[in-house]
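Chemist: The following file, start_13.cif, comprises mmCIF, C-alpha atoms:
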```cif
data_target
loop_
_atom_site.label_atom_id
_atom_site.label_comp_id
_atom_site.auth_asym_id
_atom_site.auth_seq_id
_atom_site.Cartn_x
_atom_site.Cartn_y
_atom_site.Cartn_z
CA MET A 1 92.80 38.82 -48.75
CA SER A 2 89.46 38.70 -50.57
CA ASN A 3 88.30 42.16 -51.59
CA ALA A 4 85.32 41.26 -53.78
CA VAL A 5 82.99 44.25 -54.06
CA PHE A 6 79.21 44.10 -53.96
CA THR A 7 78.12 46.01 -57.05
CA PRO A 8 74.65 47.55 -57.60
CA GLU A 9 74.00 44.87 -60.26
CA MET A 10 74.41 42.11 -57.67
CA LYS A 11 71.26 43.32 -55.95
CA ASP A 12 69.29 41.37 -58.58
CA THR A 13 71.49 38.27 -58.70
CA HIS A 14 72.88 37.63 -55.21
CA THR A 15 71.39 36.30 -51.97
CA ILE A 16 72.70 38.02 -48.84
CA LEU A 17 73.34 35.59 -45.98
CA ILE A 18 72.87 36.98 -42.45
CA PRO A 19 74.23 35.33 -39.26
CA ASP A 20 71.69 34.50 -36.59
CA MET A 21 72.09 36.60 -33.43
CA LEU A 22 68.58 37.80 -32.59
CA PRO A 23 66.07 35.39 -34.16
CA VAL A 24 63.08 37.76 -33.88
CA HIS A 25 64.75 41.11 -34.57
CA PHE A 26 66.84 39.88 -37.47
CA ARG A 27 63.80 38.39 -39.20
CA LEU A 28 62.24 41.84 -39.21
CA ILE A 29 65.45 43.61 -40.27
CA ALA A 30 65.98 41.09 -43.09
CA SER A 31 62.43 41.74 -44.30
CA ILE A 32 63.25 45.46 -44.58
CA LEU A 33 66.23 44.70 -46.80
CA ASP A 34 63.96 42.51 -48.92
CA GLN A 35 61.54 45.42 -49.32
CA TYR A 36 64.31 47.45 -50.92
CA GLY A 37 65.15 44.88 -53.53
CA TYR A 38 67.77 42.81 -51.74
CA LYS A 39 67.37 39.05 -51.37
CA THR A 40 68.28 37.88 -47.88
CA GLU A 41 68.38 34.66 -45.90
CA LEU A 42 68.82 34.37 -42.13
CA LEU A 43 71.13 31.44 -41.40
CA ARG A 44 69.87 28.76 -39.04
CA ASN A 45 72.68 26.18 -39.31
CA ASP A 46 73.73 25.09 -35.85
CA GLY A 47 75.79 22.48 -34.05
CA ARG A 48 79.38 21.37 -33.75
CA SER A 49 80.10 21.70 -37.47
CA VAL A 50 79.78 25.49 -37.14
CA VAL A 51 82.34 25.54 -34.32
CA ASP A 52 84.71 23.27 -36.25
CA GLU A 53 84.55 25.49 -39.33
CA GLY A 54 85.28 28.50 -37.14
CA LEU A 55 88.32 26.77 -35.65
CA LYS A 56 89.61 25.96 -39.13
CA HIS A 57 89.48 29.55 -40.30
CA VAL A 58 90.01 31.70 -37.19
CA HIS A 59 92.87 31.59 -34.70
CA ASN A 60 91.66 29.99 -31.48
CA ASP A 61 92.78 33.03 -29.49
CA THR A 62 90.13 35.08 -31.26
CA CYS A 63 86.93 35.78 -29.36
CA TYR A 64 84.25 33.10 -29.50
CA PRO A 65 81.58 35.27 -31.18
CA ALA A 66 83.93 35.94 -34.12
CA LEU A 67 84.69 32.25 -34.39
CA LEU A 68 80.97 31.37 -34.44
CA VAL A 69 79.90 34.06 -36.92
CA ILE A 70 82.64 33.11 -39.38
CA GLY A 71 82.08 29.41 -38.71
CA GLN A 72 78.34 29.74 -39.46
CA PHE A 73 79.10 31.45 -42.76
CA MET A 74 81.69 28.88 -43.83
CA ASP A 75 79.53 25.95 -42.74
CA ALA A 76 76.63 27.33 -44.80
CA LEU A 77 78.81 27.86 -47.86
CA LYS A 78 80.14 24.30 -47.68
CA SER A 79 76.67 22.80 -47.27
CA GLY A 80 76.09 22.86 -51.03
CA LYS A 81 72.89 24.83 -50.57
CA TYR A 82 74.26 28.04 -52.06
CA ASP A 83 75.97 28.99 -55.32
CA PRO A 84 79.21 30.74 -54.26
CA ASN A 85 78.97 32.94 -57.34
CA LYS A 86 75.57 34.27 -56.29
CA VAL A 87 75.85 34.96 -52.56
CA ALA A 88 77.14 37.79 -50.39
CA LEU A 89 77.72 37.83 -46.63
CA LEU A 90 76.43 40.57 -44.32
CA ILE A 91 78.13 41.32 -41.02
CA SER A 92 77.58 44.14 -38.52
CA GLN A 93 80.34 46.45 -37.28
CA THR A 94 80.10 48.58 -34.16
CA GLY A 95 83.11 50.74 -34.95
CA GLY A 96 84.42 50.56 -31.38
CA GLY A 97 87.59 49.20 -29.84
CA CYS A 98 86.09 45.71 -29.57
CA ARG A 99 87.23 43.02 -31.99
CA ALA A 100 83.68 43.10 -33.40
CA SER A 101 85.04 45.86 -35.64
CA ASN A 102 87.61 43.40 -37.02
CA TYR A 103 85.31 40.47 -37.78
CA ILE A 104 84.89 41.64 -41.35
CA HIS A 105 88.64 41.40 -42.02
CA LEU A 106 88.84 37.96 -40.39
CA LEU A 107 85.92 36.82 -42.56
CA ARG A 108 87.55 38.09 -45.75
CA LYS A 109 90.73 36.26 -44.84
CA ALA A 110 88.75 33.05 -44.25
CA LEU A 111 87.13 33.38 -47.70
CA ASP A 112 90.40 34.14 -49.47
CA LYS A 113 91.44 30.63 -50.52
CA GLU A 114 88.10 28.97 -51.25
CA TYR A 115 85.61 31.74 -52.03
CA PRO A 116 87.48 34.91 -53.08
CA GLN A 117 84.56 35.91 -55.33
CA ILE A 118 82.11 36.32 -52.42
CA PRO A 119 81.56 39.95 -51.33
CA VAL A 120 81.40 40.79 -47.62
CA LEU A 121 79.01 43.60 -46.70
CA SER A 122 79.17 45.80 -43.62
CA LEU A 123 76.09 46.89 -41.68
CA ASN A 124 77.36 49.86 -39.70
CA PHE A 125 76.44 53.42 -38.82
CA SER A 126 79.97 54.71 -38.23
CA GLY A 127 81.06 55.42 -41.80
CA LEU A 128 83.07 52.19 -42.11
CA GLU A 129 83.46 50.19 -45.33
CA LYS A 130 82.48 52.83 -47.86
CA GLY A 131 82.29 52.32 -51.60
CA SER A 132 79.98 49.29 -51.63
CA GLY A 133 76.86 48.82 -53.74
CA PHE A 134 75.08 47.94 -50.49
CA GLN A 135 73.73 51.13 -48.96
CA ILE A 136 71.52 51.80 -45.94
CA THR A 137 69.38 54.85 -46.64
CA PRO A 138 67.92 57.08 -43.87
CA GLN A 139 64.48 55.65 -44.64
CA MET A 140 65.77 52.08 -44.23
CA LEU A 141 67.52 53.06 -41.01
CA PHE A 142 64.31 54.58 -39.64
CA LYS A 143 62.41 51.38 -40.43
CA MET A 144 65.14 49.35 -38.70
CA LEU A 145 64.56 51.38 -35.54
CA PHE A 146 60.93 50.26 -35.55
CA ALA A 147 62.04 46.69 -36.32
CA VAL A 148 64.13 46.80 -33.13
CA LEU A 149 61.23 48.26 -31.11
CA TYR A 150 58.78 45.64 -32.38
CA GLY A 151 61.42 42.93 -32.00
CA ASP A 152 61.89 43.88 -28.35
CA ILE A 153 58.22 43.80 -27.39
CA LEU A 154 57.80 40.45 -29.18
CA MET A 155 60.92 38.90 -27.62
CA LEU A 156 60.23 40.13 -24.09
CA THR A 157 56.53 39.27 -24.03
CA TYR A 158 57.07 35.93 -25.76
CA ASN A 159 59.63 34.88 -23.14
CA GLU A 160 57.34 35.89 -20.29
CA SER A 161 54.32 34.20 -21.84
CA ARG A 162 55.83 30.87 -22.86
CA ALA A 163 57.31 30.28 -19.41
CA TYR A 164 53.77 29.90 -18.05
CA GLU A 165 51.68 28.76 -21.03
CA LEU A 166 49.38 25.82 -20.32
CA ASN A 167 49.24 24.68 -23.94
CA LYS A 168 52.74 24.33 -25.34
CA GLY A 169 53.16 26.27 -28.56
CA ASP A 170 50.42 28.88 -28.00
CA SER A 171 52.94 31.68 -27.42
CA GLN A 172 54.88 30.66 -30.53
CA LYS A 173 51.70 30.98 -32.61
CA VAL A 174 51.16 34.53 -31.33
CA LEU A 175 54.81 35.39 -32.04
CA ASP A 176 54.67 34.06 -35.61
CA LYS A 177 51.37 35.85 -36.24
CA TRP A 178 52.78 39.22 -35.20
CA ILE A 179 56.07 38.82 -37.05
CA ASN A 180 54.01 38.37 -40.23
CA ILE A 181 51.76 41.34 -39.42
CA ILE A 182 54.66 43.66 -38.57
CA THR A 183 56.60 42.60 -41.67
CA LYS A 184 53.66 43.74 -43.81
CA ARG A 185 53.25 46.96 -41.82
CA LEU A 186 56.92 47.84 -42.23
CA GLU A 187 56.47 47.52 -45.99
CA LYS A 188 54.02 50.43 -45.81
CA GLY A 189 56.05 52.43 -43.29
CA GLY A 190 55.23 51.10 -39.85
CA TYR A 191 55.75 54.46 -38.15
CA THR A 192 52.16 55.24 -37.21
CA LYS A 193 49.82 53.60 -34.72
CA THR A 194 52.74 52.00 -32.87
CA LYS A 195 51.02 52.36 -29.50
CA GLN A 196 47.91 50.60 -30.82
CA THR A 197 50.12 47.85 -32.22
CA TYR A 198 51.91 47.43 -28.88
CA ARG A 199 48.57 47.11 -27.08
CA ALA A 200 47.30 44.56 -29.60
CA ILE A 201 50.46 42.47 -29.19
CA LEU A 202 50.16 42.55 -25.39
CA ASP A 203 46.46 41.67 -25.63
CA ASP A 204 47.19 38.64 -27.81
CA PHE A 205 49.86 37.31 -25.47
CA ALA A 206 47.62 38.03 -22.46
CA ALA A 207 44.95 35.83 -24.08
CA VAL A 208 47.29 32.82 -23.93
CA SER A 209 46.21 30.47 -21.12
CA ARG A 210 48.91 30.67 -18.46
CA SER A 211 49.46 29.17 -15.04
CA LYS A 212 49.70 31.26 -11.88
CA GLU A 213 52.74 29.31 -10.70
CA LYS A 214 55.65 31.34 -9.38
CA LYS A 215 58.81 30.27 -11.19
CA PRO A 216 62.40 31.36 -10.61
CA ARG A 217 63.17 34.31 -12.88
CA VAL A 218 66.65 34.17 -14.39
CA GLY A 219 68.22 37.22 -16.03
CA ILE A 220 70.71 36.83 -18.87
CA VAL A 221 73.40 39.49 -19.30
CA GLY A 222 76.87 39.60 -20.83
CA GLU A 223 78.48 39.95 -24.23
CA ILE A 224 75.93 41.01 -26.84
CA TYR A 225 76.24 38.04 -29.22
CA VAL A 226 76.37 35.27 -26.62
CA LYS A 227 73.57 36.89 -24.62
CA TYR A 228 71.10 36.67 -27.50
CA SER A 229 72.29 34.01 -29.95
CA PRO A 230 70.98 30.46 -29.37
CA LEU A 231 73.95 29.18 -31.37
CA ALA A 232 76.42 30.89 -29.03
CA ASN A 233 74.77 30.16 -25.67
CA ASN A 234 73.73 26.57 -26.45
CA HIS A 235 70.02 27.50 -26.49
CA LEU A 236 70.20 28.90 -22.97
CA GLU A 237 66.63 30.21 -22.93
CA GLU A 238 65.26 26.79 -23.93
CA PHE A 239 67.33 25.14 -21.22
CA LEU A 240 66.02 27.53 -18.55
CA LEU A 241 62.45 26.83 -19.67
CA SER A 242 63.09 23.09 -19.42
CA GLU A 243 64.31 23.65 -15.86
CA GLY A 244 61.06 25.37 -14.90
CA CYS A 245 62.37 28.94 -15.01
CA GLU A 246 61.41 32.17 -16.73
CA PRO A 247 64.28 33.59 -18.82
CA VAL A 248 64.52 37.38 -18.57
CA VAL A 249 66.60 38.89 -21.37
CA PRO A 250 67.11 42.69 -21.46
CA SER A 251 65.97 44.49 -24.59
CA PHE A 252 68.20 44.90 -27.63
CA LEU A 253 67.26 48.57 -27.78
CA ASP A 254 69.29 49.09 -24.59
CA PHE A 255 72.44 48.12 -26.49
CA CYS A 256 71.54 50.48 -29.35
CA LEU A 257 71.02 53.32 -26.88
CA TYR A 258 74.27 52.36 -25.15
CA CYS A 259 76.20 52.70 -28.42
CA ALA A 260 74.56 56.06 -29.19
CA VAL A 261 75.03 57.65 -25.77
CA ASN A 262 78.68 56.53 -25.55
CA ASN A 263 79.48 58.88 -28.43
CA VAL A 264 77.74 61.71 -26.57
CA ASN A 265 79.56 60.80 -23.35
CA ASP A 266 82.92 60.96 -25.13
CA GLY A 267 82.27 64.60 -26.05
CA GLU A 268 81.34 65.45 -22.46
CA ILE A 269 84.21 63.52 -20.87
CA TYR A 270 86.95 64.76 -23.21
CA GLY A 271 85.53 68.23 -23.83
CA PHE A 272 84.70 68.36 -27.52
CA LYS A 273 81.71 68.74 -29.81
CA ASN A 274 81.49 67.76 -33.45
CA LYS A 275 79.08 66.43 -36.06
CA THR A 276 79.30 62.90 -34.63
CA THR A 277 78.39 63.89 -31.06
CA PHE A 278 75.54 66.06 -32.36
CA THR A 279 74.13 63.34 -34.64
CA PHE A 280 74.29 60.64 -31.98
CA GLY A 281 72.83 63.05 -29.42
CA VAL A 282 69.80 63.69 -31.62
CA GLY A 283 69.50 59.97 -32.41
CA TYR A 284 69.67 59.08 -28.73
CA LYS A 285 66.84 61.44 -27.82
CA LEU A 286 64.66 60.07 -30.62
CA ILE A 287 65.24 56.41 -29.75
CA TYR A 288 64.86 57.00 -26.01
CA ALA A 289 61.54 58.78 -26.59
CA LYS A 290 60.29 55.74 -28.53
CA GLN A 291 61.39 53.45 -25.69
CA ARG A 292 59.50 55.58 -23.17
CA GLU A 293 56.42 55.32 -25.35
CA MET A 294 56.61 51.52 -25.28
CA ILE A 295 57.19 51.40 -21.52
CA LYS A 296 54.12 53.60 -20.96
CA VAL A 297 51.95 51.17 -22.97
CA TYR A 298 53.32 48.24 -20.94
CA LYS A 299 52.47 49.95 -17.65
CA GLU A 300 48.99 50.93 -18.81
CA HIS A 301 48.34 47.36 -19.91
CA GLY A 302 49.61 45.93 -16.64
CA GLU A 303 49.90 42.27 -17.63
CA PHE A 304 53.59 41.98 -18.52
CA THR A 305 56.90 43.35 -17.24
CA PRO A 306 58.09 46.40 -19.21
CA PRO A 307 61.67 46.77 -20.47
CA HIS A 308 64.13 48.80 -18.42
CA ASP A 309 64.08 52.57 -18.82
CA PHE A 310 67.50 53.39 -20.26
CA GLU A 311 67.99 56.54 -18.20
CA GLU A 312 67.41 54.40 -15.12
CA LEU A 313 70.09 52.02 -16.41
CA ARG A 314 72.49 54.95 -16.65
CA HIS A 315 71.62 55.88 -13.06
CA TYR A 316 72.40 52.34 -11.89
CA ALA A 317 75.67 52.38 -13.82
CA ASP A 318 76.75 55.59 -12.08
CA LYS A 319 76.38 53.87 -8.71
CA TYR A 320 78.90 51.16 -9.57
CA PHE A 321 80.87 52.14 -12.66
CA HIS A 322 81.92 55.14 -14.75
CA GLN A 323 80.15 55.59 -18.08
CA GLY A 324 83.52 56.24 -19.68
CA VAL A 325 84.20 52.48 -19.42
CA LYS A 326 82.62 51.47 -22.71
CA MET A 327 84.76 48.76 -24.32
CA GLY A 328 82.70 45.69 -25.13
CA GLU A 329 79.49 45.97 -23.12
CA GLY A 330 81.31 48.11 -20.52
CA TRP A 331 79.07 49.85 -18.02
CA LEU A 332 75.92 48.30 -19.50
CA ILE A 333 76.60 44.95 -17.77
CA PRO A 334 76.60 46.24 -14.16
CA ALA A 335 73.68 48.53 -15.04
CA GLU A 336 71.59 45.60 -16.28
CA MET A 337 72.56 43.47 -13.28
CA ALA A 338 71.42 46.20 -10.89
CA ALA A 339 68.21 46.83 -12.85
CA LEU A 340 67.35 43.13 -12.80
CA GLU A 341 67.94 42.94 -9.05
CA GLU A 342 65.81 46.07 -8.49
CA GLY A 343 63.07 44.41 -10.54
CA GLY A 344 63.08 41.30 -8.35
CA VAL A 345 65.14 39.09 -10.66
CA ARG A 346 67.51 37.63 -8.08
CA ASN A 347 69.18 35.08 -10.36
CA ILE A 348 71.54 36.24 -13.11
CA ILE A 349 73.63 34.35 -15.63
CA CYS A 350 76.48 36.36 -17.10
CA THR A 351 77.42 34.87 -20.47
CA GLN A 352 81.19 35.06 -20.88
CA PRO A 353 82.66 34.27 -24.32
CA PHE A 354 86.29 33.25 -24.51
CA GLY A 355 88.52 36.04 -25.74
CA CYS A 356 86.18 38.89 -24.83
CA LEU A 357 88.57 40.64 -22.46
CA PRO A 358 86.44 43.74 -21.68
CA ASN A 359 83.46 41.55 -20.86
CA HIS A 360 85.44 39.35 -18.50
CA ILE A 361 86.98 42.30 -16.67
CA VAL A 362 83.75 44.27 -16.28
CA ALA A 363 81.33 41.43 -15.60
CA LYS A 364 83.45 39.38 -13.20
CA GLY A 365 84.99 42.48 -11.69
CA VAL A 366 81.67 44.04 -10.77
CA SER A 367 79.80 40.92 -9.58
CA ARG A 368 81.14 41.23 -6.03
CA VAL A 369 80.02 44.86 -5.78
CA ILE A 370 76.53 43.98 -7.04
CA LYS A 371 76.30 41.11 -4.54
CA GLU A 372 77.28 43.46 -1.72
CA ALA A 373 74.56 45.90 -2.75
CA TYR A 374 71.99 43.10 -3.19
CA PRO A 375 72.72 40.34 -0.64
CA GLN A 376 70.11 38.05 -2.23
CA ALA A 377 71.76 38.26 -5.65
CA ASN A 378 72.53 34.86 -7.13
CA ILE A 379 75.01 35.55 -9.95
CA VAL A 380 76.95 32.99 -11.95
CA ALA A 381 79.38 33.55 -14.82
CA VAL A 382 79.24 30.86 -17.50
CA ASP A 383 82.08 30.58 -20.01
CA TYR A 384 81.33 29.81 -23.65
CA ASP A 385 84.19 28.70 -25.89
CA PRO A 386 85.02 25.93 -28.38
CA GLY A 387 86.26 23.58 -25.66
CA ALA A 388 83.48 24.13 -23.13
CA THR A 389 80.99 21.28 -23.02
CA LYS A 390 77.28 21.90 -22.87
CA VAL A 391 77.02 19.46 -19.93
CA ASN A 392 79.49 21.46 -17.81
CA GLN A 393 77.72 24.71 -18.64
CA GLU A 394 74.31 23.30 -17.76
CA ASN A 395 75.60 21.72 -14.54
CA ARG A 396 76.97 25.08 -13.46
CA ILE A 397 73.59 26.67 -14.17
CA LYS A 398 71.77 23.85 -12.33
CA LEU A 399 73.88 24.53 -9.26
CA MET A 400 72.87 28.19 -9.42
CA LEU A 401 69.20 27.20 -9.82
CA ALA A 402 69.46 24.90 -6.79
CA ASN A 403 70.49 27.96 -4.78
CA ALA A 404 67.64 29.93 -6.38
CA ARG A 405 65.08 27.43 -5.19
#
```
Output the file's structure in the form of structure tokens.

Modeler:
Amino acid sequence: MSNAVFTPEMKDTHTILIPDMLPVHFRLIASILDQYGYKTELLRNDGRSVVDEGLKHVHNDTCYPALLVIGQFMDALKSGKYDPNKVALLISQTGGGCRASNYIHLLRKALDKEYPQIPVLSLNFSGLEKGSGFQITPQMLFKMLFAVLYGDILMLTYNESRAYELNKGDSQKVLDKWINIITKRLEKGGYTKTKQTYRAILDDFAAVSRSKEKKPRVGIVGEIYVKYSPLANNHLEEFLLSEGCEPVVPSFLDFCLYCAVNNVNDGEIYGFKNKTTFTFGVGYKLIYAKQREMIKVYKEHGEFTPPHDFEELRHYADKYFHQGVKMGEGWLIPAEMAALEEGGVRNIICTQPFGCLPNHIVAKGVSRVIKEAYPQANIVAVDYDPGATKVNQENRIKLMLANAR
């Protein structure tokens, strides 16, 4: 298995390729790495060739997100666009029981025969993969928190704005403008005047000419990669827009808070305290406070729907599920379903990747309970895997939308 190491010297010679999961957030996170001397590129290659490369290098019993991430890397490397001797691959690791923690080993195995010289880097906050020349400093981590916050307000407001824009492309212009502004602000720190920045972003999107038409609002929940990645969900948000709907995607910060509070919950459930529970407890309070700050600005502005308050999500979870159930997206899925229903989003698509056993058990297992609590709930599970056709997926969604209307 390939064990090429990213040395400090490679910082000047190598381009780090990043898989595309969150198009807005990852652009901001990549810009932070660039600020610290790394050269990064966010991959945009799409289509069947990515799936085929994944099938060549990963066993087809492996979860679909792993297949796509590895397939996107291999497809990019074989495109001829990159010098294999001057690239490295960056992949995130959650450190949990999910196979997401094992992607990095599957990727190294895929590289072994053709590209053994290519280093694989781990972006994690659990102490995994030590000894690399790629290091995330506390200052970089703090900037990444603000990249996630800014990424959320841009993603959420952009989705709400473009569903109703009268001049196609106006919302995209506002989005691109603010990604450029925030990238420059993060170079200087980006920690101050966040509330003023939030208000300015909301003001700019509010200035976009929008119709007053009432459209079906469709929430998207499920496994983290398929929920957000256009590659994985066959551009689900674009499809919903083309069908005259407003896509409602929960914030990425919720998943970050979910990961942090699960470590705290473990200490409470199993009766122990250590450095890990303390660190994540402090981190959770800090991140949650920043989320509350953003929500307050949203409510004061009054034009757009604020993200869910994470403590409210935990309250919803307790009504239907135990917070000790944390494999995959665990209790976060029923919590988001309930929060969407409480917010008037009656239609929910649960994105189900093949091979994601925790997601299938939790999401499908809890749908009936959510429907009993919210009789108007219109929930459909859509499977995403190498053999699922886009036509079948879209037809299933169209049937759900027919009920919505």

Chemist: Please list as number ranges by chain every residue within 7 Å of Lys86 (chain A), counting all atoms listed in the file and excluding residues in the same chain fewer than 4 positions away.

Modeler: A: 13-15

Chemist: Between CA of Arg162 (chain A) and CA of Phe205 (chain A), what is the spacing in Å?

Modeler: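 CA of Phe205 (chain A) sits 9.2 Å away from CA of Arg162 (chain A).
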
Chemist: Quick one: pull the distance between CA of Ile118 (chain A) and CA of Ala88 (chain A), Å, one decimal.

Modeler: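 So the two atoms, CA of Ile118 (chain A) and CA of Ala88 (chain A), lie 5.6 Å apart.
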
Chemist: Using all atoms listed in the file, find the one residue out of A:Met155, A:Val297, A:Leu401, A:Leu68 that sits nearest to Leu253 (chain A).

Modeler: A:Met155

Chemist: Select, from A:Val261, A:Met74, A:Ile379, A:Val51, the residue with the minimum atom-to-atom distance to Leu332 (chain A), counting only C-alpha atoms.

Modeler: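 Ranked by minimum distance to Leu332 (chain A), first place goes to A:Val261.
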
Chemist: Name the residues in contact with region 224-230 of chain A at a cut-off of 10 Å, using all atoms listed in the file, excluding same-chain residues fewer than 4 positions from it; report them as a PDB file with C-alpha atoms, in the coordinates of the input.

Modeler:
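Once written, selection-v8.pdb looks like this:
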```
ATOM      1  CA  PRO A  19      74.230  35.330 -39.260  1.00  0.00           C
ATOM      2  CA  ASP A  20      71.690  34.500 -36.590  1.00  0.00           C
ATOM      3  CA  MET A  21      72.090  36.600 -33.430  1.00  0.00           C
ATOM      4  CA  LEU A  22      68.580  37.800 -32.590  1.00  0.00           C
ATOM      5  CA  PRO A  23      66.070  35.390 -34.160  1.00  0.00           C
ATOM      6  CA  ARG A  44      69.870  28.760 -39.040  1.00  0.00           C
ATOM      7  CA  ASP A  46      73.730  25.090 -35.850  1.00  0.00           C
ATOM      8  CA  TYR A  64      84.250  33.100 -29.500  1.00  0.00           C
ATOM      9  CA  PRO A  65      81.580  35.270 -31.180  1.00  0.00           C
ATOM     10  CA  ALA A  66      83.930  35.940 -34.120  1.00  0.00           C
ATOM     11  CA  LEU A  68      80.970  31.370 -34.440  1.00  0.00           C
ATOM     12  CA  VAL A  69      79.900  34.060 -36.920  1.00  0.00           C
ATOM     13  CA  ALA A 100      83.680  43.100 -33.400  1.00  0.00           C
ATOM     14  CA  ILE A 220      70.710  36.830 -18.870  1.00  0.00           C
ATOM     15  CA  ASN A 234      73.730  26.570 -26.450  1.00  0.00           C
ATOM     16  CA  HIS A 235      70.020  27.500 -26.490  1.00  0.00           C
ATOM     17  CA  LEU A 236      70.200  28.900 -22.970  1.00  0.00           C
ATOM     18  CA  GLU A 237      66.630  30.210 -22.930  1.00  0.00           C
ATOM     19  CA  GLU A 238      65.260  26.790 -23.930  1.00  0.00           C
ATOM     20  CA  VAL A 249      66.600  38.890 -21.370  1.00  0.00           C
ATOM     21  CA  PRO A 250      67.110  42.690 -21.460  1.00  0.00           C
ATOM     22  CA  SER A 251      65.970  44.490 -24.590  1.00  0.00           C
ATOM     23  CA  PHE A 252      68.200  44.900 -27.630  1.00  0.00           C
ATOM     24  CA  PHE A 255      72.440  48.120 -26.490  1.00  0.00           C
ATOM     25  CA  GLY A 328      82.700  45.690 -25.130  1.00  0.00           C
ATOM     26  CA  GLU A 329      79.490  45.970 -23.120  1.00  0.00           C
ATOM     27  CA  ILE A 333      76.600  44.950 -17.770  1.00  0.00           C
ATOM     28  CA  ILE A 349      73.630  34.350 -15.630  1.00  0.00           C
ATOM     29  CA  CYS A 350      76.480  36.360 -17.100  1.00  0.00           C
ATOM     30  CA  THR A 351      77.420  34.870 -20.470  1.00  0.00           C
ATOM     31  CA  GLN A 352      81.190  35.060 -20.880  1.00  0.00           C
ATOM     32  CA  PRO A 353      82.660  34.270 -24.320  1.00  0.00           C
ATOM     33  CA  ASN A 359      83.460  41.550 -20.860  1.00  0.00           C
ATOM     34  CA  ASP A 383      82.080  30.580 -20.010  1.00  0.00           C
ATOM     35  CA  TYR A 384      81.330  29.810 -23.650  1.00  0.00           C
TER      36      TYR A 384
END
```

Chemist: Is there a way to complete region 261-273 of chain A with N, CA and C atoms and then write that out as an mmCIF file, in the frame of the given file?

Modeler:
```cif
data_model
loop_
_atom_site.group_PDB
_atom_site.id
_atom_site.type_symbol
_atom_site.label_atom_id
_atom_site.label_comp_id
_atom_site.auth_asym_id
_atom_site.auth_seq_id
_atom_site.Cartn_x
_atom_site.Cartn_y
_atom_site.Cartn_z
ATOM 1 N N VAL A 261 74.701 56.716 -26.842
ATOM 2 C CA VAL A 261 75.030 57.650 -25.770
ATOM 3 C C VAL A 261 76.529 57.637 -25.458
ATOM 4 N N ASN A 262 77.235 56.557 -25.769
ATOM 5 C CA ASN A 262 78.680 56.530 -25.550
ATOM 6 C C ASN A 262 79.390 57.593 -26.382
ATOM 7 N N ASN A 263 78.888 57.838 -27.599
ATOM 8 C CA ASN A 263 79.480 58.880 -28.430
ATOM 9 C C ASN A 263 79.234 60.263 -27.827
ATOM 10 N N VAL A 264 78.047 60.438 -27.244
ATOM 11 C CA VAL A 264 77.740 61.710 -26.570
ATOM 12 C C VAL A 264 78.608 61.856 -25.320
ATOM 13 N N ASN A 265 78.744 60.769 -24.563
ATOM 14 C CA ASN A 265 79.560 60.800 -23.350
ATOM 15 C C ASN A 265 81.004 61.166 -23.648
ATOM 16 N N ASP A 266 81.534 60.652 -24.762
ATOM 17 C CA ASP A 266 82.920 60.960 -25.130
ATOM 18 C C ASP A 266 83.131 62.470 -25.245
ATOM 19 N N GLY A 267 82.157 63.148 -25.895
ATOM 20 C CA GLY A 267 82.270 64.600 -26.050
ATOM 21 C C GLY A 267 82.272 65.312 -24.710
ATOM 22 N N GLU A 268 81.423 64.811 -23.780
ATOM 23 C CA GLU A 268 81.340 65.450 -22.460
ATOM 24 C C GLU A 268 82.578 65.155 -21.621
ATOM 25 N N ILE A 269 83.056 63.910 -21.693
ATOM 26 C CA ILE A 269 84.210 63.520 -20.870
ATOM 27 C C ILE A 269 85.491 64.198 -21.344
ATOM 28 N N TYR A 270 85.684 64.250 -22.663
ATOM 29 C CA TYR A 270 86.950 64.760 -23.210
ATOM 30 C C TYR A 270 86.835 66.194 -23.727
ATOM 31 N N GLY A 271 85.668 66.814 -23.543
ATOM 32 C CA GLY A 271 85.530 68.230 -23.830
ATOM 33 C C GLY A 271 85.569 68.622 -25.290
ATOM 34 N N PHE A 272 84.767 67.952 -26.118
ATOM 35 C CA PHE A 272 84.700 68.360 -27.520
ATOM 36 C C PHE A 272 83.285 68.155 -28.046
ATOM 37 N N LYS A 273 82.982 68.896 -29.112
ATOM 38 C CA LYS A 273 81.710 68.740 -29.810
ATOM 39 C C LYS A 273 81.991 68.728 -31.308
#
```
